[in-house]
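What follows is the content of run.csv (CSV, C-alpha atoms).
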chain,number,residue,atom,x,y,z
B,1,MET,CA,21.0,-35.3,6.6
B,2,ASN,CA,17.5,-36.4,5.4
B,3,LYS,CA,14.3,-34.5,4.8
B,4,LEU,CA,12.9,-35.0,8.2
B,5,ASP,CA,16.1,-34.0,10.0
B,6,TYR,CA,16.5,-30.9,7.9
B,7,LEU,CA,12.9,-29.7,8.3
B,8,GLY,CA,13.0,-30.6,12.0
B,9,GLN,CA,16.1,-28.4,12.5
B,10,LEU,CA,14.6,-25.6,10.5
B,11,GLU,CA,11.4,-25.7,12.5
B,12,SER,CA,13.2,-25.6,15.8
B,13,ILE,CA,15.3,-22.6,14.8
B,14,LEU,CA,12.3,-20.7,13.6
B,15,LYS,CA,10.4,-21.6,16.8
B,16,LYS,CA,13.2,-19.9,18.8
B,17,GLN,CA,12.6,-16.7,16.8
B,18,HIS,CA,9.1,-16.2,18.1
B,19,MET,CA,7.5,-16.8,14.7
B,20,SER,CA,3.8,-17.8,14.7
B,21,LYS,CA,3.0,-21.4,14.3
B,22,ALA,CA,1.0,-20.8,11.1
B,23,ASP,CA,4.0,-19.1,9.5
B,24,ILE,CA,6.3,-21.9,10.5
B,25,ASP,CA,3.9,-24.5,9.2
B,26,ASP,CA,3.7,-22.7,6.0
B,27,ILE,CA,7.4,-22.4,5.6
B,28,ILE,CA,8.0,-26.1,6.5
B,29,ARG,CA,5.3,-27.0,3.9
B,30,ASP,CA,7.1,-25.1,1.2
B,31,TYR,CA,10.5,-26.8,1.9
B,32,ALA,CA,8.8,-30.2,2.2
B,33,GLU,CA,7.4,-29.6,-1.2
B,34,PHE,CA,10.8,-28.7,-2.5
B,35,PHE,CA,12.2,-32.0,-1.1
B,36,GLU,CA,9.4,-34.0,-2.7
B,37,GLU,CA,10.0,-32.3,-6.1
B,38,GLY,CA,13.7,-32.9,-5.8
B,39,ARG,CA,13.1,-36.6,-4.9
B,40,ARG,CA,10.9,-36.9,-7.9
B,41,GLN,CA,13.8,-35.7,-10.1
B,42,GLY,CA,15.9,-38.5,-8.7
B,43,GLN,CA,17.9,-36.4,-6.2
B,44,SER,CA,18.9,-37.7,-2.9
B,45,ASP,CA,18.0,-35.8,0.3
B,46,GLY,CA,21.7,-35.1,0.8
B,47,GLU,CA,21.9,-33.4,-2.6
B,48,ILE,CA,18.8,-31.4,-1.9
B,49,CYS,CA,20.1,-30.3,1.5
B,50,ALA,CA,23.4,-29.3,0.0
B,51,LYS,CA,21.5,-27.1,-2.6
B,52,LEU,CA,19.4,-25.5,0.0
B,53,GLY,CA,22.2,-24.7,2.3
B,54,SER,CA,22.2,-25.3,6.0
B,55,PRO,CA,18.9,-24.9,7.9
B,56,GLU,CA,20.6,-22.1,9.9
B,57,LEU,CA,21.3,-20.2,6.6
B,58,VAL,CA,17.8,-20.8,5.3
B,59,ALA,CA,16.3,-19.6,8.6
B,60,GLU,CA,18.5,-16.6,8.5
B,61,GLN,CA,17.3,-15.7,5.0
B,62,ILE,CA,13.6,-16.2,6.1
B,63,LEU,CA,14.1,-14.0,9.1
B,64,GLU,CA,15.9,-11.4,7.0
B,65,GLU,CA,13.0,-11.2,4.6
B,66,ASN,CA,10.5,-11.2,7.4
B,67,GLY,CA,12.3,-8.5,9.4
B,68,HIS,CA,12.6,-6.5,6.3
B,69,ASN,CA,8.9,-6.8,5.8
B,70,VAL,CA,8.1,-5.7,9.3
B,71,ALA,CA,10.4,-2.7,9.1
B,72,ILE,CA,8.9,-1.3,6.0
B,73,THR,CA,5.4,0.2,6.0
B,74,PRO,CA,3.2,-0.9,3.1
B,75,ALA,CA,3.4,2.3,1.0
B,76,PRO,CA,7.2,2.6,0.6
B,77,GLN,CA,7.6,-1.0,-0.2
B,78,LYS,CA,7.5,-0.2,-3.9
B,79,ASN,CA,10.5,2.0,-3.4
B,80,ASP,CA,12.5,-0.9,-2.0
B,81,PHE,CA,14.6,-2.7,-4.5
B,82,LYS,CA,17.5,-4.5,-3.1
B,83,MET,CA,20.2,-3.0,-5.2
B,84,PRO,CA,23.1,-0.8,-4.5
B,85,LYS,CA,21.7,2.6,-3.6
B,86,MET,CA,21.2,4.6,-6.7
B,87,PRO,CA,19.0,7.7,-6.8
B,88,LYS,CA,17.3,6.5,-10.0
B,89,PHE,CA,16.0,3.4,-8.3
B,90,GLN,CA,13.8,5.3,-6.0
B,91,TRP,CA,10.6,5.6,-7.9
B,92,LYS,CA,7.5,7.5,-6.7
B,93,PRO,CA,9.2,9.5,-4.1
B,94,ARG,CA,7.7,12.8,-5.3
B,95,GLU,CA,4.1,11.9,-4.8
B,96,LYS,CA,4.6,11.9,-1.1
B,97,GLN,CA,6.1,15.3,-0.7
B,98,PRO,CA,3.0,17.5,-1.3
B,99,LYS,CA,1.1,15.3,1.2
B,100,ASN,CA,3.7,15.9,3.8
B,101,ARG,CA,3.7,19.6,3.1
B,102,LYS,CA,0.0,19.7,3.5
B,103,ASN,CA,0.1,17.9,6.8
B,104,GLY,CA,3.0,20.1,7.9
B,105,GLY,CA,1.1,23.2,6.9
B,106,LEU,CA,-2.0,22.2,8.9
B,107,GLY,CA,0.2,21.0,11.8
B,108,SER,CA,2.1,24.3,11.9
B,109,VAL,CA,-1.1,26.4,11.9
B,110,LEU,CA,-2.4,24.2,14.7
B,111,THR,CA,0.8,24.5,16.7
B,112,LEU,CA,0.9,28.2,16.0
B,113,LEU,CA,-2.6,28.6,17.5
B,114,ILE,CA,-1.7,26.5,20.5
B,115,LYS,CA,1.5,28.6,21.0
B,116,LEU,CA,-0.4,31.8,20.7
B,117,LEU,CA,-2.9,30.5,23.3
B,118,VAL,CA,-0.1,29.5,25.6
B,119,LEU,CA,1.5,32.8,25.0
B,120,LEU,CA,-1.7,34.7,25.9
B,121,ILE,CA,-2.0,32.8,29.2
B,122,VAL,CA,1.6,32.2,30.1
B,123,LEU,CA,3.1,35.6,29.3
B,124,PRO,CA,0.7,37.7,31.5
B,125,ALA,CA,1.0,35.1,34.3
B,126,LEU,CA,4.8,35.2,34.2
B,127,ALA,CA,4.7,39.0,34.1
B,128,ILE,CA,2.5,39.1,37.2
B,129,VAL,CA,4.6,36.6,39.1
B,130,PHE,CA,7.9,38.2,38.3
B,131,GLY,CA,6.5,41.7,38.7
B,132,CYS,CA,5.2,40.8,42.2
B,133,ALA,CA,8.6,39.2,43.0
B,134,ALA,CA,10.5,42.3,41.8
B,135,ILE,CA,8.3,44.7,43.7
B,136,GLY,CA,8.5,42.5,46.8
B,137,LEU,CA,12.3,42.3,46.5
B,138,GLY,CA,12.5,46.1,45.9
B,139,CYS,CA,10.4,46.8,49.0
B,140,GLY,CA,12.6,44.4,51.0
B,141,PHE,CA,15.7,46.1,49.7
B,142,LEU,CA,14.3,49.6,50.7
B,143,GLY,CA,13.3,48.2,54.1
B,144,LEU,CA,16.8,46.9,54.6
B,145,ILE,CA,18.3,50.3,53.8
B,146,CYS,CA,15.9,51.8,56.4
B,147,LEU,CA,17.0,49.2,58.9
B,148,PHE,CA,20.6,49.8,58.1
B,149,ILE,CA,20.2,53.6,58.8
B,150,ALA,CA,18.2,52.8,61.9
B,151,VAL,CA,20.9,50.5,63.2
B,152,ILE,CA,23.6,53.1,62.5
B,153,LEU,CA,21.5,55.7,64.4
B,154,GLY,CA,20.9,53.1,67.1
B,155,PHE,CA,24.7,52.5,67.2
B,156,PHE,CA,25.3,56.2,67.8
B,157,ALA,CA,22.4,56.4,70.3
B,158,ALA,CA,23.8,53.4,72.2
B,159,SER,CA,27.3,54.9,72.3
B,160,MET,CA,25.8,58.1,73.6
B,161,VAL,CA,23.9,56.2,76.3
B,162,THR,CA,26.8,54.0,77.2
B,163,HIS,CA,29.1,57.0,77.5
B,164,PHE,CA,27.7,57.4,80.9
B,165,LEU,CA,28.0,53.7,81.8
B,166,THR,CA,31.0,51.5,82.5
B,167,LEU,CA,33.5,50.7,79.7
B,168,PRO,CA,32.9,46.9,79.3
B,169,VAL,CA,29.2,47.4,78.8
B,170,THR,CA,29.9,50.0,76.1
B,171,ILE,CA,32.3,47.6,74.3
B,172,PHE,CA,29.6,44.8,74.5
B,173,ALA,CA,26.9,47.1,73.1
B,174,ILE,CA,29.3,48.2,70.2
B,175,CYS,CA,30.1,44.6,69.4
B,176,VAL,CA,26.4,43.6,69.3
B,177,CYS,CA,25.7,46.6,67.0
B,178,ILE,CA,28.5,45.7,64.6
B,179,ALA,CA,27.4,42.1,64.5
B,180,LEU,CA,23.8,43.2,63.7
B,181,LEU,CA,25.0,45.6,61.1
B,182,SER,CA,27.2,43.1,59.2
B,183,LEU,CA,24.3,40.6,59.3
B,184,ILE,CA,21.9,43.1,57.8
B,185,VAL,CA,24.5,44.1,55.2
B,186,CYS,CA,25.0,40.5,54.2
B,187,LEU,CA,21.2,39.9,54.0
B,188,GLY,CA,20.9,43.0,51.8
B,189,ALA,CA,23.7,41.8,49.5
B,190,LEU,CA,22.0,38.4,49.2
B,191,LEU,CA,18.7,40.1,48.4
B,192,ILE,CA,20.3,42.3,45.7
B,193,MET,CA,21.8,39.2,44.1
B,194,LEU,CA,18.5,37.4,44.3
B,195,THR,CA,16.8,40.3,42.5
B,196,TYR,CA,19.5,40.3,39.9
B,197,TRP,CA,19.1,36.5,39.3
B,198,CYS,CA,15.3,36.8,39.2
B,199,GLY,CA,15.6,39.5,36.5
B,200,LYS,CA,18.0,37.5,34.5
B,201,LEU,CA,15.8,34.4,34.7
B,202,PHE,CA,12.8,36.4,33.7
B,203,LEU,CA,14.6,37.8,30.6
B,204,LEU,CA,15.9,34.3,29.7
B,205,ILE,CA,12.4,32.8,29.9
B,206,LEU,CA,11.0,35.7,27.9
B,207,ARG,CA,13.6,35.2,25.2
B,208,GLU,CA,13.0,31.5,25.1
B,209,LEU,CA,9.3,32.1,24.7
B,210,LEU,CA,9.8,34.6,21.9
B,211,GLU,CA,12.1,32.3,20.1
B,212,TRP,CA,9.6,29.5,20.5
B,213,ILE,CA,6.9,31.7,19.0
B,214,LYS,CA,8.9,33.2,16.2
B,215,PRO,CA,9.8,30.4,13.7
B,216,PRO,CA,6.2,29.1,13.0
B,217,VAL,CA,5.1,32.7,12.5
B,218,LYS,CA,7.8,33.0,9.8
B,219,THR,CA,7.0,29.7,8.1
B,220,ALA,CA,3.3,30.4,8.3
B,221,ALA,CA,3.8,33.8,6.9
B,222,LYS,CA,5.8,32.6,3.9
B,223,PRO,CA,3.2,30.6,2.1
B,224,GLU,CA,0.7,33.4,2.7
B,225,ASN,CA,3.0,35.8,0.9
B,226,HIS,CA,3.4,33.3,-1.9
B,227,THR,CA,-0.3,32.9,-2.4
B,228,THR,CA,-0.9,36.7,-2.3
B,229,GLU,CA,1.9,37.2,-4.8
B,230,THR,CA,0.5,34.6,-7.2
B,231,GLU,CA,-3.0,35.9,-6.8
B,232,GLU,CA,-1.7,39.4,-7.6
B,233,THR,CA,0.3,38.3,-10.6
B,234,ILE,CA,-2.6,36.3,-12.2
B,235,PRO,CA,-5.0,39.1,-12.5
B,236,ASN,CA,-2.2,41.3,-13.8
B,237,GLU,CA,-1.5,38.8,-16.6
B,238,GLU,CA,-5.1,38.5,-17.4
B,239,GLY,CA,-5.5,42.2,-17.5
B,240,GLU,CA,-2.6,42.5,-19.9
B,241,LEU,CA,-4.1,39.8,-22.1
B,242,TYR,CA,-7.4,41.6,-22.2
B,243,GLU,CA,-5.8,44.9,-23.0
C,1,MET,CA,28.7,-10.8,-6.3
C,2,ASN,CA,27.3,-8.8,-3.5
C,3,THR,CA,24.4,-10.8,-2.0
C,4,GLN,CA,22.0,-7.9,-1.6
C,5,PHE,CA,22.6,-7.0,-5.2
C,6,ARG,CA,22.1,-10.6,-6.3
C,7,LYS,CA,19.0,-10.9,-4.3
C,8,GLY,CA,17.5,-7.8,-5.9
C,9,ILE,CA,18.1,-9.3,-9.3
C,10,ILE,CA,16.8,-12.7,-8.3
C,11,GLU,CA,13.7,-11.0,-7.0
C,12,MET,CA,13.2,-9.3,-10.4
C,13,CYS,CA,13.7,-12.7,-12.2
C,14,ILE,CA,11.1,-14.4,-10.0
C,15,LEU,CA,8.6,-11.6,-10.8
C,16,ALA,CA,9.4,-11.9,-14.5
C,17,LEU,CA,9.0,-15.7,-14.5
C,18,ILE,CA,5.7,-15.6,-12.6
C,19,ALA,CA,4.4,-12.8,-14.9
C,20,ARG,CA,4.5,-15.3,-17.8
C,21,LYS,CA,2.6,-18.0,-16.1
C,22,ASP,CA,1.7,-19.4,-12.6
C,23,MET,CA,4.5,-21.4,-11.3
C,24,TYR,CA,5.3,-23.4,-8.2
C,25,GLY,CA,8.5,-23.0,-6.1
C,26,TYR,CA,10.5,-25.8,-7.4
C,27,GLU,CA,9.7,-24.8,-11.0
C,28,ILE,CA,10.9,-21.3,-10.3
C,29,VAL,CA,14.1,-22.5,-8.7
C,30,GLN,CA,14.8,-24.8,-11.7
C,31,ASN,CA,14.2,-22.0,-14.2
C,32,ILE,CA,16.6,-19.7,-12.5
C,33,ALA,CA,19.1,-22.4,-11.8
C,34,TYR,CA,19.1,-23.2,-15.6
C,35,TYR,CA,20.7,-19.8,-16.2
C,36,THR,CA,22.8,-19.2,-13.1
C,37,GLU,CA,23.9,-20.9,-10.0
C,38,ILE,CA,21.8,-19.8,-7.1
C,39,ASN,CA,21.4,-20.7,-3.5
C,40,GLU,CA,18.1,-22.6,-3.9
C,41,GLY,CA,17.1,-21.9,-0.3
C,42,THR,CA,16.8,-18.1,-0.9
C,43,VAL,CA,14.0,-18.4,-3.4
C,44,TYR,CA,11.3,-19.4,-0.9
C,45,PRO,CA,11.9,-16.6,1.5
C,46,ILE,CA,11.7,-14.1,-1.4
C,47,LEU,CA,8.5,-15.8,-2.7
C,48,ARG,CA,7.0,-15.5,0.8
C,49,ARG,CA,7.8,-11.8,1.1
C,50,LEU,CA,6.6,-11.0,-2.4
C,51,THR,CA,3.3,-12.8,-1.5
C,52,GLN,CA,3.0,-10.8,1.7
C,53,GLU,CA,3.6,-7.7,-0.2
C,54,GLU,CA,0.6,-8.7,-2.4
C,55,TYR,CA,2.6,-9.0,-5.6
C,56,PHE,CA,1.6,-12.6,-5.8
C,57,VAL,CA,-1.3,-14.7,-4.6
C,58,ALA,CA,-0.5,-18.3,-3.6
C,59,TYR,CA,-2.8,-21.2,-4.1
C,60,LEU,CA,-2.5,-24.9,-3.7
C,61,LYS,CA,-3.1,-27.2,-6.6
C,62,GLU,CA,-3.3,-31.0,-6.4
C,63,SER,CA,-0.7,-32.7,-8.4
C,64,THR,CA,-1.2,-36.1,-10.1
C,65,VAL,CA,2.3,-37.2,-9.3
C,66,GLY,CA,2.7,-36.2,-5.7
C,67,PRO,CA,1.7,-33.8,-2.9
C,68,ALA,CA,-0.1,-30.5,-3.6
C,69,ARG,CA,2.0,-27.8,-5.1
C,70,LYS,CA,1.8,-24.2,-4.1
C,71,TYR,CA,1.4,-22.0,-7.2
C,72,TYR,CA,2.1,-18.3,-7.3
C,73,HIS,CA,0.0,-16.0,-9.4
C,74,MET,CA,0.9,-12.5,-10.2
C,75,THR,CA,-1.5,-9.7,-9.1
C,76,GLU,CA,-2.0,-6.3,-10.8
C,77,LYS,CA,0.1,-4.8,-8.1
C,78,GLY,CA,2.9,-7.2,-8.9
C,79,GLN,CA,2.6,-6.4,-12.6
C,80,ALA,CA,2.9,-2.7,-11.9
C,81,TYR,CA,5.9,-3.4,-9.6
C,82,LEU,CA,7.6,-5.5,-12.3
C,83,GLY,CA,6.9,-2.8,-14.9
C,84,ALA,CA,8.7,-0.2,-12.7
C,85,LEU,CA,11.6,-2.6,-12.1
C,86,LYS,CA,12.0,-3.4,-15.8
C,87,LEU,CA,12.2,0.3,-16.6
C,88,ASP,CA,14.8,0.9,-13.9
C,89,TRP,CA,16.7,-2.1,-14.9
C,90,ALA,CA,16.9,-1.0,-18.5
C,91,GLU,CA,18.2,2.4,-17.4
C,92,PHE,CA,20.5,1.0,-14.9
C,93,SER,CA,22.1,-1.7,-17.1
C,94,LYS,CA,22.5,0.8,-19.9
C,95,MET,CA,24.4,3.1,-17.6
C,96,VAL,CA,26.6,0.3,-16.3
C,97,ASP,CA,27.3,-1.0,-19.8
C,98,GLU,CA,28.4,2.4,-20.9
C,99,ILE,CA,30.7,2.8,-18.0
C,100,LEU,CA,32.1,-0.7,-18.3
C,101,ARG,CA,32.7,-0.1,-22.0
C,102,GLY,CA,34.9,2.8,-21.0
C,103,GLU,CA,32.8,5.6,-22.5
C,104,CYS,CA,33.6,8.8,-20.9
C,105,HIS,CA,31.1,11.5,-20.1
C,106,GLU,CA,32.7,14.8,-20.7

Translate the structure of the given file into structure tokens.
Amino acid sequence: MNKLDYLGQLESILKKQHMSKADIDDIIRDYAEFFEEGRRQGQSDGEICAKLGSPELVAEQILEENGHNVAITPAPQKNDFKMPKMPKFQWKPREKQPKNRKNGGLGSVLTLLIKLLVLLIVLPALAIVFGCAAIGLGCGFLGLICLFIAVILGFFAASMVTHFLTLPVTIFAICVCIALLSLIVCLGALLIMLTYWCGKLFLLILRELLEWIKPPVKTAAKPENHTTETEETIPNEEGELYE
Amino acid sequence: MNTQFRKGIIEMCILALIARKDMYGYEIVQNIAYYTEINEGTVYPILRRLTQEEYFVAYLKESTVGPARKYYHMTEKGQAYLGALKLDWAEFSKMVDEILRGECHE
């Protein structure tokens, strides 16, 4: 393989990898320079090609370095040293932590505020909705009991009236009354279950909301405690010194 | 030897060579090849990346004997990076040496 073949192959491989033309031209220029230098040293193109390795291999290495570059953000690049992973090889990791903490602190305060705001709006709204629903269901339930009593009374009244009528009509009336009664009992049972579920759902949402609110309150409270503690201890120490 | 490991060391060698004086690609390859057998194709991709990471600046310089050569010059950022690498290398190689010598930490 000669210089042109080699560079042509390399170029075509890199083109397939969506690399910009400027980058490809730059890379090809570098390898062309390498060929020229090698030739000047009296090496044949074949020898130079053998030293470089196949165009595929070279392209792979270029892409590896490039991909590596893309994947890592400018700041932590210093940390990257391609050696086996050793804790001592990661320099400057500590500078970053306080920054993160600061951001985290600000963020948590902000989210806490948002959460409190949401709580102030959502909790009363939920309470109103569920309260109304519970009251409505309760009323419905009471109404059903009344209906149930009314139907029983009606049943007796009907039997009293039908006592004076013919037998088949009496049986028909009793059947209709029983059907109505069972329907109402079923409806009542369904409504009771619905009330139960609604209550359960309400409690669940309430618990979720409380859990959602709790952790940031804790984390936000901790540093405050720390600062107050340190603030308290410093004057004490100073006081002791002055005494 | 593990290629990643080797590449890390080659990277350090490239930095150390260019810290001494501005060099062009072939010169760097020859310098490293003088000491150890390397895959010569790997040097350019590393040079490219180190330039992109602003450890080097590259410039073209006309040559009297042939086409222009791309020289690499170390930046302050590169110097700081090499300094950190050197320190870590010293610590790391000392540790490895001790373990290889069979010294036991008790």

Proximal residues of chain C relative to chain B (only C-alpha atoms; 10 Å) as a count of residues only: 51

Do you know which residues are at most 10 Å from Lys21 (chain C) counting only C-alpha atoms, after dropping those on the same chain fewer than 6 positions away, and could you put them as a PDB file with C-alpha atoms, in the frame of the given file?
ATOM      1  CA  TYR C  71       1.400 -22.000  -7.200  1.00  0.00           C
ATOM      2  CA  TYR C  72       2.100 -18.300  -7.300  1.00  0.00           C
ATOM      3  CA  HIS C  73       0.000 -16.000  -9.400  1.00  0.00           C
ATOM      4  CA  MET C  74       0.900 -12.500 -10.200  1.00  0.00           C
TER       5      MET C  74
END

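One finds CA of Tyr6 (chain B) at 13.0 Å from CA of Ser44 (chain B).
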
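Of note, CA of Leu119 (chain B) and CA of Leu203 (chain B) are spaced 15.1 Å apart.
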
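Proximity to Cys132 (chain B) was assessed for B:Gln17, B:Ser12, B:Ser182, B:Thr195 counting all atoms listed in the file; the smallest distance is recorded for B:Thr195.
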
Long-range neighbours of Gly8 (chain B) as number ranges by chain, 10 Å cut-off, only C-alpha atoms, 5 positions minimum in chain: B: 2-3, 13, 28, 55

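Across the model, the gap from CA of Glu208 (chain B) to CA of Leu116 (chain B) is 14.1 Å.
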
Neighbours of point (13.5, -19.6, -14.1) within 10 Å, using all atoms listed in the file, written as a compact mmCIF listing (two decimals) with C-alpha atoms, keeping the file's coordinate frame:
# COMPACT_ATOMS: atom_id res chain seq x y z
CA ILE C 10 16.80 -12.70 -8.30
CA CYS C 13 13.70 -12.70 -12.20
CA ILE C 14 11.10 -14.40 -10.00
CA LEU C 15 8.60 -11.60 -10.80
CA ALA C 16 9.40 -11.90 -14.50
CA LEU C 17 9.00 -15.70 -14.50
CA ILE C 18 5.70 -15.60 -12.60
CA MET C 23 4.50 -21.40 -11.30
CA TYR C 26 10.50 -25.80 -7.40
CA GLU C 27 9.70 -24.80 -11.00
CA ILE C 28 10.90 -21.30 -10.30
CA VAL C 29 14.10 -22.50 -8.70
CA GLN C 30 14.80 -24.80 -11.70
CA ASN C 31 14.20 -22.00 -14.20
CA ILE C 32 16.60 -19.70 -12.50
CA ALA C 33 19.10 -22.40 -11.80
CA TYR C 34 19.10 -23.20 -15.60
CA TYR C 35 20.70 -19.80 -16.20
CA THR C 36 22.80 -19.20 -13.10

Excluding same-chain residues fewer than 4 positions from Leu191 (chain B), what lies within 12 Å of it counting all atoms listed in the file, as an mmCIF file with C-alpha atoms, in the frame of the given file?
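Once written, around.cif looks like this:
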data_model
loop_
_atom_site.group_PDB
_atom_site.id
_atom_site.type_symbol
_atom_site.label_atom_id
_atom_site.label_comp_id
_atom_site.auth_asym_id
_atom_site.auth_seq_id
_atom_site.Cartn_x
_atom_site.Cartn_y
_atom_site.Cartn_z
ATOM 1 C CA ALA B 133 8.600 39.200 43.000
ATOM 2 C CA ALA B 134 10.500 42.300 41.800
ATOM 3 C CA GLY B 136 8.500 42.500 46.800
ATOM 4 C CA LEU B 137 12.300 42.300 46.500
ATOM 5 C CA GLY B 138 12.500 46.100 45.900
ATOM 6 C CA CYS B 139 10.400 46.800 49.000
ATOM 7 C CA GLY B 140 12.600 44.400 51.000
ATOM 8 C CA PHE B 141 15.700 46.100 49.700
ATOM 9 C CA LEU B 142 14.300 49.600 50.700
ATOM 10 C CA GLY B 143 13.300 48.200 54.100
ATOM 11 C CA LEU B 144 16.800 46.900 54.600
ATOM 12 C CA ILE B 145 18.300 50.300 53.800
ATOM 13 C CA ILE B 184 21.900 43.100 57.800
ATOM 14 C CA VAL B 185 24.500 44.100 55.200
ATOM 15 C CA CYS B 186 25.000 40.500 54.200
ATOM 16 C CA LEU B 187 21.200 39.900 54.000
ATOM 17 C CA THR B 195 16.800 40.300 42.500
ATOM 18 C CA TYR B 196 19.500 40.300 39.900
ATOM 19 C CA TRP B 197 19.100 36.500 39.300
ATOM 20 C CA CYS B 198 15.300 36.800 39.200
#

Build an axis-aligned box that encloses every atom of region 1-12 of chain B listed in the file, pad it by 4 Å on each side, and report its centre and edge lengths in Å to one decimal, as JSON.
{"center_x": 16.2, "center_y": -31.0, "center_z": 10.3, "size_x": 17.6, "size_y": 18.8, "size_z": 19.0}
